[in-house]
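S.K.: One structure, as structure tokens, below. Some questions next.
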Amino acid sequence: MTAGLTLTQKILCTHMVGSGAVTPGSTVRVAVDWTMASELALNGMMSTFERLGNPRLFDKDRFYLAVDHTVDPVTVRENEKTRRLVALCQNFAKANGLTAFYDANETIMHTRFYRDHCLPGQIVLGADSHTTSHGALGALAIGLGGADVAIAALTGETWLEVPEAISVVYEGETAFGIGGKDIILHTLGTLGRNRAALERTVEYGGPAAAGFTTDTRFTICNMTAELGGMNGIFEPTAETVRFLESRGRTAPDARFLRADEDADYAETIRIDLHHLSPKVAKPFSPDNVFDVEDVTDQALDGCFIGACTTTEEELVLGGMLLDLMWQDGHRPVPSSRRLVVPGDLEIRQLLADTGLDKVYERAGYRIGVPGCHLCLGVGSERAGDGEIWLSSQNRNYRNRMGKGSLAWLSSAATVAASSYGMAIADPRPYLARIDQNRYHNILGRQPSTAPAAIEIHYENIPAMKVDHQDANKSASLSGLVSAGVQKFGDHVDTDAIIPGEFCNLSDWTELGEHCFEYVRPGMKESCTSGNTIIVAGEAWGSGSAREHAAWALIGAGVELVIARGFAATHRRNLVNEGLPTLVVDDPDFFDLVDDGTQLQVNLATGSIRVADTDRIFQGQCPAGEAASILASGGVIAALKQGNGQPTRITNGG
């Protein structure tokens, strides 16, 4: 029996180390082209490097490091912890001879990597959930925890569980100015957060996608993380080649792959973009989506254009729209809460060269240097308690932009249209008047040159023979856990587990003291005898790839997490640190268990006994590589013992 390959499966095939089948659920070992990190991630990754004896990087020219998360200029100047993080990165880059190092406020990590480093057909692992962005160029790009990325940086390899794939087919044509943010918000509203895409690869295509710019594709892939997908990816096309050539990149190492016509998708979703309205997502979920006309006149306390999801084309469009509004007599109402943060110094320079920086300033904006601080609520500037901000960032979880903040999401064009009056406004009347020739010229595009004229030769990867042999035999965990329950609901994200402002910490005990700081304060003190079992609903641990959430849980005394479902990266982080997990889908269990309920759990079998009752429930234990890592006591112990982990580490770095 043969089956066609998805694009993700083809990339896995071209990177396979040893034998294996790329069928969903199988575990494969693959070579990695790039690893990438920020200062927040490197801070945690250093623990992995140190526990392994500080070996040399597998390829210093394929480790990308950008200092971007916590480093607004005021914080760099005044916060000692931030200065230590910056110095850590500078010293690490110098000691290892990194050729892809970007210091504080030069770029947001995904912006420069997409523009100057990533190529079609590569495998990219980043210690940040929005590593999914780079599927825009046809790369398999996945956000994992710092330990996984550190090990891949040392060995050049990683293990992956082959995901199921869904196909998102875009149909219909959008009006000019309806871009990637509107499309992905519409997709989120259609598919739902952490539902159809959860733990799956999302392969985007369809007749409408053929006309998407790479910036549009970047934004869509970036927010695949919000869908819950392991990765998002577009087939590389002539538009991809045009973009690479515009960046002076001939891409000799690129591999142009496409899904087979008979590729096996778990689900195909068709999304009509015809007459698509600009979209706005209300708090506290990016799938809480409305047409802009349904929320116009909503009063705002702040307007933010920036974060990794906001591309060069969006920043240019927003500036041109503000200029038209000024010409029509609009003037900014008094407010100090307008901020625009270009994702890269090169983009900031483009705004200066074209005068669009002055347009933003005239409209009441301050122009910041590249960084993630406001999106993450970690720097000197945050949204205040109860403040409503319209933002072109990618997440609007509780407290995301600061304690008590209320983030509404939209495109940069919608933020711009709303910012003069500090109330949500429809950008379409102005988008229709944009000088499209000037817009394309600013971006260095030649609309008269049809990218479709570029011919691409796609590699032919043979259709696989479906192998049903058990390739995932593994060791099993043992032991018993007896503890009380702390119960949580669905979609508890990593920002809730440990707010971003505490992610400059690396001491597990200290992180544990801030676990659920704004959601369940004092959780650590409420853990009886220093331990507890968490029982939660769907998609536990969605959001960030940062392993700080796992460390905070361990530091707070959590000994086991039981949930209806997990975000794949967070569950992998728990496994890497030796914290067991179980999946339970029996609704009677969740009806019976509440805060304080005592459980006795057999980790070898997954059997769960509810104390003071005769009820026993069955949980699903981790399998394959994850089970071996847990049985070893975590990923570092597994690596040292050689339990399925790569061993190509060169000491003496």
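Residue numbering restarts at 1 in every chain; chains get A, B, ... in the order shown in the structure tokens, and ligands count up from 1 in that same order.
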Could you list, as a PyMOL selection string, every residue within 10 Å of range 554-561 of chain A, counting only C-alpha atoms and ignoring same-chain residues fewer than 5 positions away?
M.R.: chain A and resi 481-486+507-516+522-536+540+548-549+566+571+574+577-583+601+603
S.K.: Could you take the residues named above and write them with C-alpha atoms, as an mmCIF file, in the first residue's frame?
M.R.:
data_model
loop_
_atom_site.group_PDB
_atom_site.id
_atom_site.type_symbol
_atom_site.label_atom_id
_atom_site.label_comp_id
_atom_site.auth_asym_id
_atom_site.auth_seq_id
_atom_site.Cartn_x
_atom_site.Cartn_y
_atom_site.Cartn_z
ATOM 1 C CA VAL A 481 2.221 9.457 43.014
ATOM 2 C CA SER A 482 -0.207 10.227 45.839
ATOM 3 C CA ALA A 483 -1.201 13.874 46.163
ATOM 4 C CA GLY A 484 -4.038 16.363 46.192
ATOM 5 C CA VAL A 485 -5.541 17.955 43.108
ATOM 6 C CA GLN A 486 -5.492 21.520 41.906
ATOM 7 C CA ASP A 507 15.977 29.271 39.225
ATOM 8 C CA TRP A 508 13.150 26.740 39.448
ATOM 9 C CA THR A 509 12.290 27.520 43.063
ATOM 10 C CA GLU A 510 12.037 31.225 42.317
ATOM 11 C CA LEU A 511 9.906 30.556 39.249
ATOM 12 C CA GLY A 512 7.683 28.315 41.372
ATOM 13 C CA GLU A 513 6.980 31.232 43.683
ATOM 14 C CA HIS A 514 5.456 33.101 40.717
ATOM 15 C CA CYS A 515 3.572 30.122 39.248
ATOM 16 C CA PHE A 516 0.049 31.301 38.333
ATOM 17 C CA GLY A 522 -0.008 31.596 46.264
ATOM 18 C CA MET A 523 -0.276 28.292 44.415
ATOM 19 C CA LYS A 524 3.024 27.101 45.827
ATOM 20 C CA GLU A 525 1.858 27.655 49.406
ATOM 21 C CA SER A 526 -1.353 25.765 48.700
ATOM 22 C CA CYS A 527 0.532 22.664 47.530
ATOM 23 C CA THR A 528 0.132 20.361 50.504
ATOM 24 C CA SER A 529 3.389 18.758 51.655
ATOM 25 C CA GLY A 530 5.175 20.544 48.827
ATOM 26 C CA ASN A 531 3.503 18.544 46.047
ATOM 27 C CA THR A 532 0.328 18.441 44.034
ATOM 28 C CA ILE A 533 -1.327 16.874 40.976
ATOM 29 C CA ILE A 534 -2.762 19.219 38.383
ATOM 30 C CA VAL A 535 -5.965 18.113 36.658
ATOM 31 C CA ALA A 536 -6.873 20.231 33.641
ATOM 32 C CA TRP A 540 -3.057 22.472 28.701
ATOM 33 C CA HIS A 548 9.908 28.254 32.058
ATOM 34 C CA ALA A 549 6.334 27.008 32.425
ATOM 35 C CA PHE A 566 -1.782 18.961 25.975
ATOM 36 C CA ARG A 571 4.146 18.428 27.098
ATOM 37 C CA LEU A 574 7.484 18.566 30.888
ATOM 38 C CA GLU A 577 12.415 17.906 32.791
ATOM 39 C CA GLY A 578 11.111 14.558 34.072
ATOM 40 C CA LEU A 579 7.601 15.716 35.061
ATOM 41 C CA PRO A 580 5.115 12.919 34.202
ATOM 42 C CA THR A 581 1.907 13.535 32.272
ATOM 43 C CA LEU A 582 -1.250 11.542 31.603
ATOM 44 C CA VAL A 583 -4.057 12.084 29.118
ATOM 45 C CA VAL A 601 -1.553 7.242 40.371
ATOM 46 C CA LEU A 603 2.874 5.874 36.561
#
S.K.: Could you give me, as an mmCIF file with C-alpha atoms, in the first residue's frame, the residues within 10 Å of Thr605 in chain A, counting only C-alpha atoms and dropping anything in the same chain fewer than 2 positions from it?
M.R.:
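Output contents, as saved in selection_8.cif:
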data_model
loop_
_atom_site.group_PDB
_atom_site.id
_atom_site.type_symbol
_atom_site.label_atom_id
_atom_site.label_comp_id
_atom_site.auth_asym_id
_atom_site.auth_seq_id
_atom_site.Cartn_x
_atom_site.Cartn_y
_atom_site.Cartn_z
ATOM 1 C CA SER A 476 8.229 2.786 30.651
ATOM 2 C CA LEU A 477 8.056 4.998 33.699
ATOM 3 C CA SER A 478 7.495 3.451 37.113
ATOM 4 C CA GLY A 479 6.446 4.638 40.538
ATOM 5 C CA LEU A 480 3.399 5.887 42.410
ATOM 6 C CA VAL A 601 -1.553 7.242 40.371
ATOM 7 C CA ASN A 602 0.473 4.303 39.056
ATOM 8 C CA LEU A 603 2.874 5.874 36.561
ATOM 9 C CA SER A 607 -4.099 3.788 36.509
ATOM 10 C CA ILE A 608 -5.690 6.561 38.622
ATOM 11 C CA GLN A 618 -7.244 4.861 33.007
ATOM 12 C CA GLY A 619 -4.837 7.470 31.723
ATOM 13 C CA GLN A 620 -2.725 7.336 28.579
ATOM 14 C CA CYS A 621 1.000 7.407 29.357
#
S.K.: List every residue of range 374-482 of chain A that has an atom at most 8 Å from any atom of range 247-260 of chain A, giving for each one its closest atom pair and the distance in Å to one decimal, counting only C-alpha atoms, sorted by chain and then by ascending residue number, as a tab-separated table.
M.R.:
residue	atom	partner	partner_atom	distance
A:Ile456	CA	A:Phe256	CA	7.6
A:His457	CA	A:Phe256	CA	7.1
A:Tyr458	CA	A:Phe256	CA	5.0
A:Glu459	CA	A:Leu257	CA	5.6
A:Asn460	CA	A:Leu257	CA	7.6
S.K.: Just to be explicit: take each residue in the selection above, keep N, CA and C atoms, and write the result as a PDB file, in the first residue's frame.
M.R.:
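What ended up in selection.pdb:
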ATOM      1  N   ILE A 456       9.967  26.767 -11.538  1.00  0.00           N
ATOM      2  CA  ILE A 456      10.524  26.035 -10.399  1.00  0.00           C
ATOM      3  C   ILE A 456      10.506  24.553 -10.722  1.00  0.00           C
ATOM      4  N   HIS A 457      11.590  23.895 -10.413  1.00  0.00           N
ATOM      5  CA  HIS A 457      11.660  22.446 -10.572  1.00  0.00           C
ATOM      6  C   HIS A 457      11.578  21.814  -9.185  1.00  0.00           C
ATOM      7  N   TYR A 458      10.452  21.197  -8.910  1.00  0.00           N
ATOM      8  CA  TYR A 458      10.242  20.572  -7.606  1.00  0.00           C
ATOM      9  C   TYR A 458      10.880  19.186  -7.575  1.00  0.00           C
ATOM     10  N   GLU A 459      11.504  18.875  -6.444  1.00  0.00           N
ATOM     11  CA  GLU A 459      12.113  17.555  -6.288  1.00  0.00           C
ATOM     12  C   GLU A 459      11.030  16.485  -6.200  1.00  0.00           C
ATOM     13  N   ASN A 460      11.337  15.356  -6.752  1.00  0.00           N
ATOM     14  CA  ASN A 460      10.413  14.223  -6.697  1.00  0.00           C
ATOM     15  C   ASN A 460      10.851  13.277  -5.583  1.00  0.00           C
TER      16      ASN A 460
END
S.K.: At a cut-off of 9 Å, using only C-alpha atoms, what residues contact Ala626 in chain A? Leave out same-chain residues fewer than 3 positions from it and give the result as an MDAnalysis selection string.
M.R.: chainID A and resid 474 572 575:576 622:623 629:631 635
S.K.: If we count only C-alpha atoms and set the cut-off at 9 Å, which residues sit around Val295 in chain A, ignoring sequence neighbours fewer than 2 positions away in its own chain? Please answer as a VMD selection string.
M.R.: chain A and resid 280 290 to 293 297 to 298 424 to 425
S.K.: Using only C-alpha atoms, which residues sit within 10 Å of Phe49 in chain A once same-chain residues fewer than 4 positions away are excluded, as a list in words?
M.R.: Leu42, Gly44, Met45, Gly53, Asn54, Pro55, Arg56, Leu57, Ala147, Ala150, Ile151, Ala153, Leu154, Ile636 and Gly653 of chain A
S.K.: Using only C-alpha atoms, which of the listed residues (A:Thr569, A:Asn231, A:Thr311, A:Thr70) sits closest to Glu39 in chain A?
M.R.: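 Among the listed residues, A:Thr70 lies closest to Glu39 in chain A.
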S.K.: Quick one: pick out all alpha helix (DSSP H) residues within range 322-522 of chain A from a backbone DSSP run and write them as a ChimeraX atom specification.
M.R.: /A:322-327,345-353,356-362,373-376,412-419,428-431,436-442,494-497,508-513
S.K.: Considering only C-alpha atoms, state which residue in the set A:Thr219, A:Gln598, A:Asn504, A:Thr190 is at the smallest distance from Val71 in chain A.
M.R.: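 For Val71 in chain A, the nearest of the given residues is A:Asn504.
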S.K.: Using only C-alpha atoms, which of the listed residues (A:Ala196, A:Ala165, A:Cys308, A:Leu160) sits closest to Asn222 in chain A?
M.R.: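 Checking each candidate against Asn222 in chain A, we get A:Cys308 as the closest.
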S.K.: Just checking: using only C-alpha atoms, which residue out of A:Pro499, A:Gly596, A:Pro236, A:Gly355 ends up closest to Ala611 in chain A?
M.R.: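 Among the listed residues, the smallest separation from Ala611 in chain A belongs to A:Gly596.
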S.K.: For Ser38 in chain A, work out the shell of residues within 12 Å, counting only C-alpha atoms and skipping chain neighbours fewer than 2 positions away, then give it as a PyMOL selection string.
M.R.: chain A and resi 35-36+40-45+63-71+85-86+88-90+92-93+100-105+107-110+113+126-131+145-146+149+371-372+503-504+545-546
S.K.: With 6 Å as the cut-off and only C-alpha atoms counted, what is the closest atom pair between each nearby residue of range 252-325 of chain A and range 399-419 of chain A? Distances in Å to one decimal, ordered by chain and number, as a tab-separated table.
M.R.:
residue	atom	partner	partner_atom	distance
A:Val280	CA	A:Ser410	CA	4.8
A:Ala281	CA	A:Leu409	CA	4.9
A:Lys282	CA	A:Trp408	CA	4.9
A:Pro283	CA	A:Trp408	CA	5.8
A:Ile305	CA	A:Ala412	CA	5.7
A:Glu314	CA	A:Ala412	CA	5.8
A:Gly318	CA	A:Ala413	CA	4.6
S.K.: Just the strand (DSSP E or B) stuff from range 257-462 of chain A, please, per backbone DSSP, written as JSON, numbers by chain.
M.R.: {"A": [263, 267, 268, 269, 270, 271, 272, 279, 280, 281, 289, 290, 291, 299, 302, 303, 304, 305, 338, 339, 340, 344, 366, 367, 388, 389, 390, 391, 406, 407, 408, 409, 423]}
S.K.: Could the residues in this selection be saved with C-alpha atoms as a CSV table (one decimal), in the first residue's frame?
M.R.:
chain,number,residue,atom,x,y,z
A,263,ALA,CA,-1.3,13.4,0.1
A,267,GLU,CA,-8.9,17.0,7.2
A,268,THR,CA,-9.3,19.6,4.4
A,269,ILE,CA,-10.8,22.9,5.3
A,270,ARG,CA,-11.8,25.4,2.6
A,271,ILE,CA,-11.9,29.0,3.5
A,272,ASP,CA,-13.5,31.6,1.3
A,279,LYS,CA,-11.0,41.3,11.5
A,280,VAL,CA,-10.6,42.1,15.2
A,281,ALA,CA,-10.2,39.6,18.0
A,289,VAL,CA,-13.0,37.1,16.1
A,290,PHE,CA,-15.4,39.8,14.8
A,291,ASP,CA,-15.7,41.9,11.6
A,299,ALA,CA,-12.9,53.3,22.8
A,302,GLY,CA,-3.6,52.5,23.5
A,303,CYS,CA,-2.6,51.6,20.0
A,304,PHE,CA,0.4,49.4,19.2
A,305,ILE,CA,1.8,48.4,15.8
A,338,ARG,CA,0.6,55.1,20.6
A,339,LEU,CA,3.6,53.0,19.8
A,340,VAL,CA,5.1,51.6,16.6
A,344,ASP,CA,14.2,45.2,12.2
A,366,ARG,CA,6.5,57.1,19.2
A,367,ILE,CA,8.8,54.9,17.1
A,388,ILE,CA,-7.9,48.4,26.2
A,389,TRP,CA,-5.2,48.3,23.6
A,390,LEU,CA,-5.7,47.6,19.9
A,391,SER,CA,-2.6,45.8,18.8
A,406,LEU,CA,-7.1,44.0,27.6
A,407,ALA,CA,-5.5,43.3,24.2
A,408,TRP,CA,-7.7,43.5,21.1
A,409,LEU,CA,-6.0,42.1,17.9
A,423,ALA,CA,-11.6,54.2,18.8
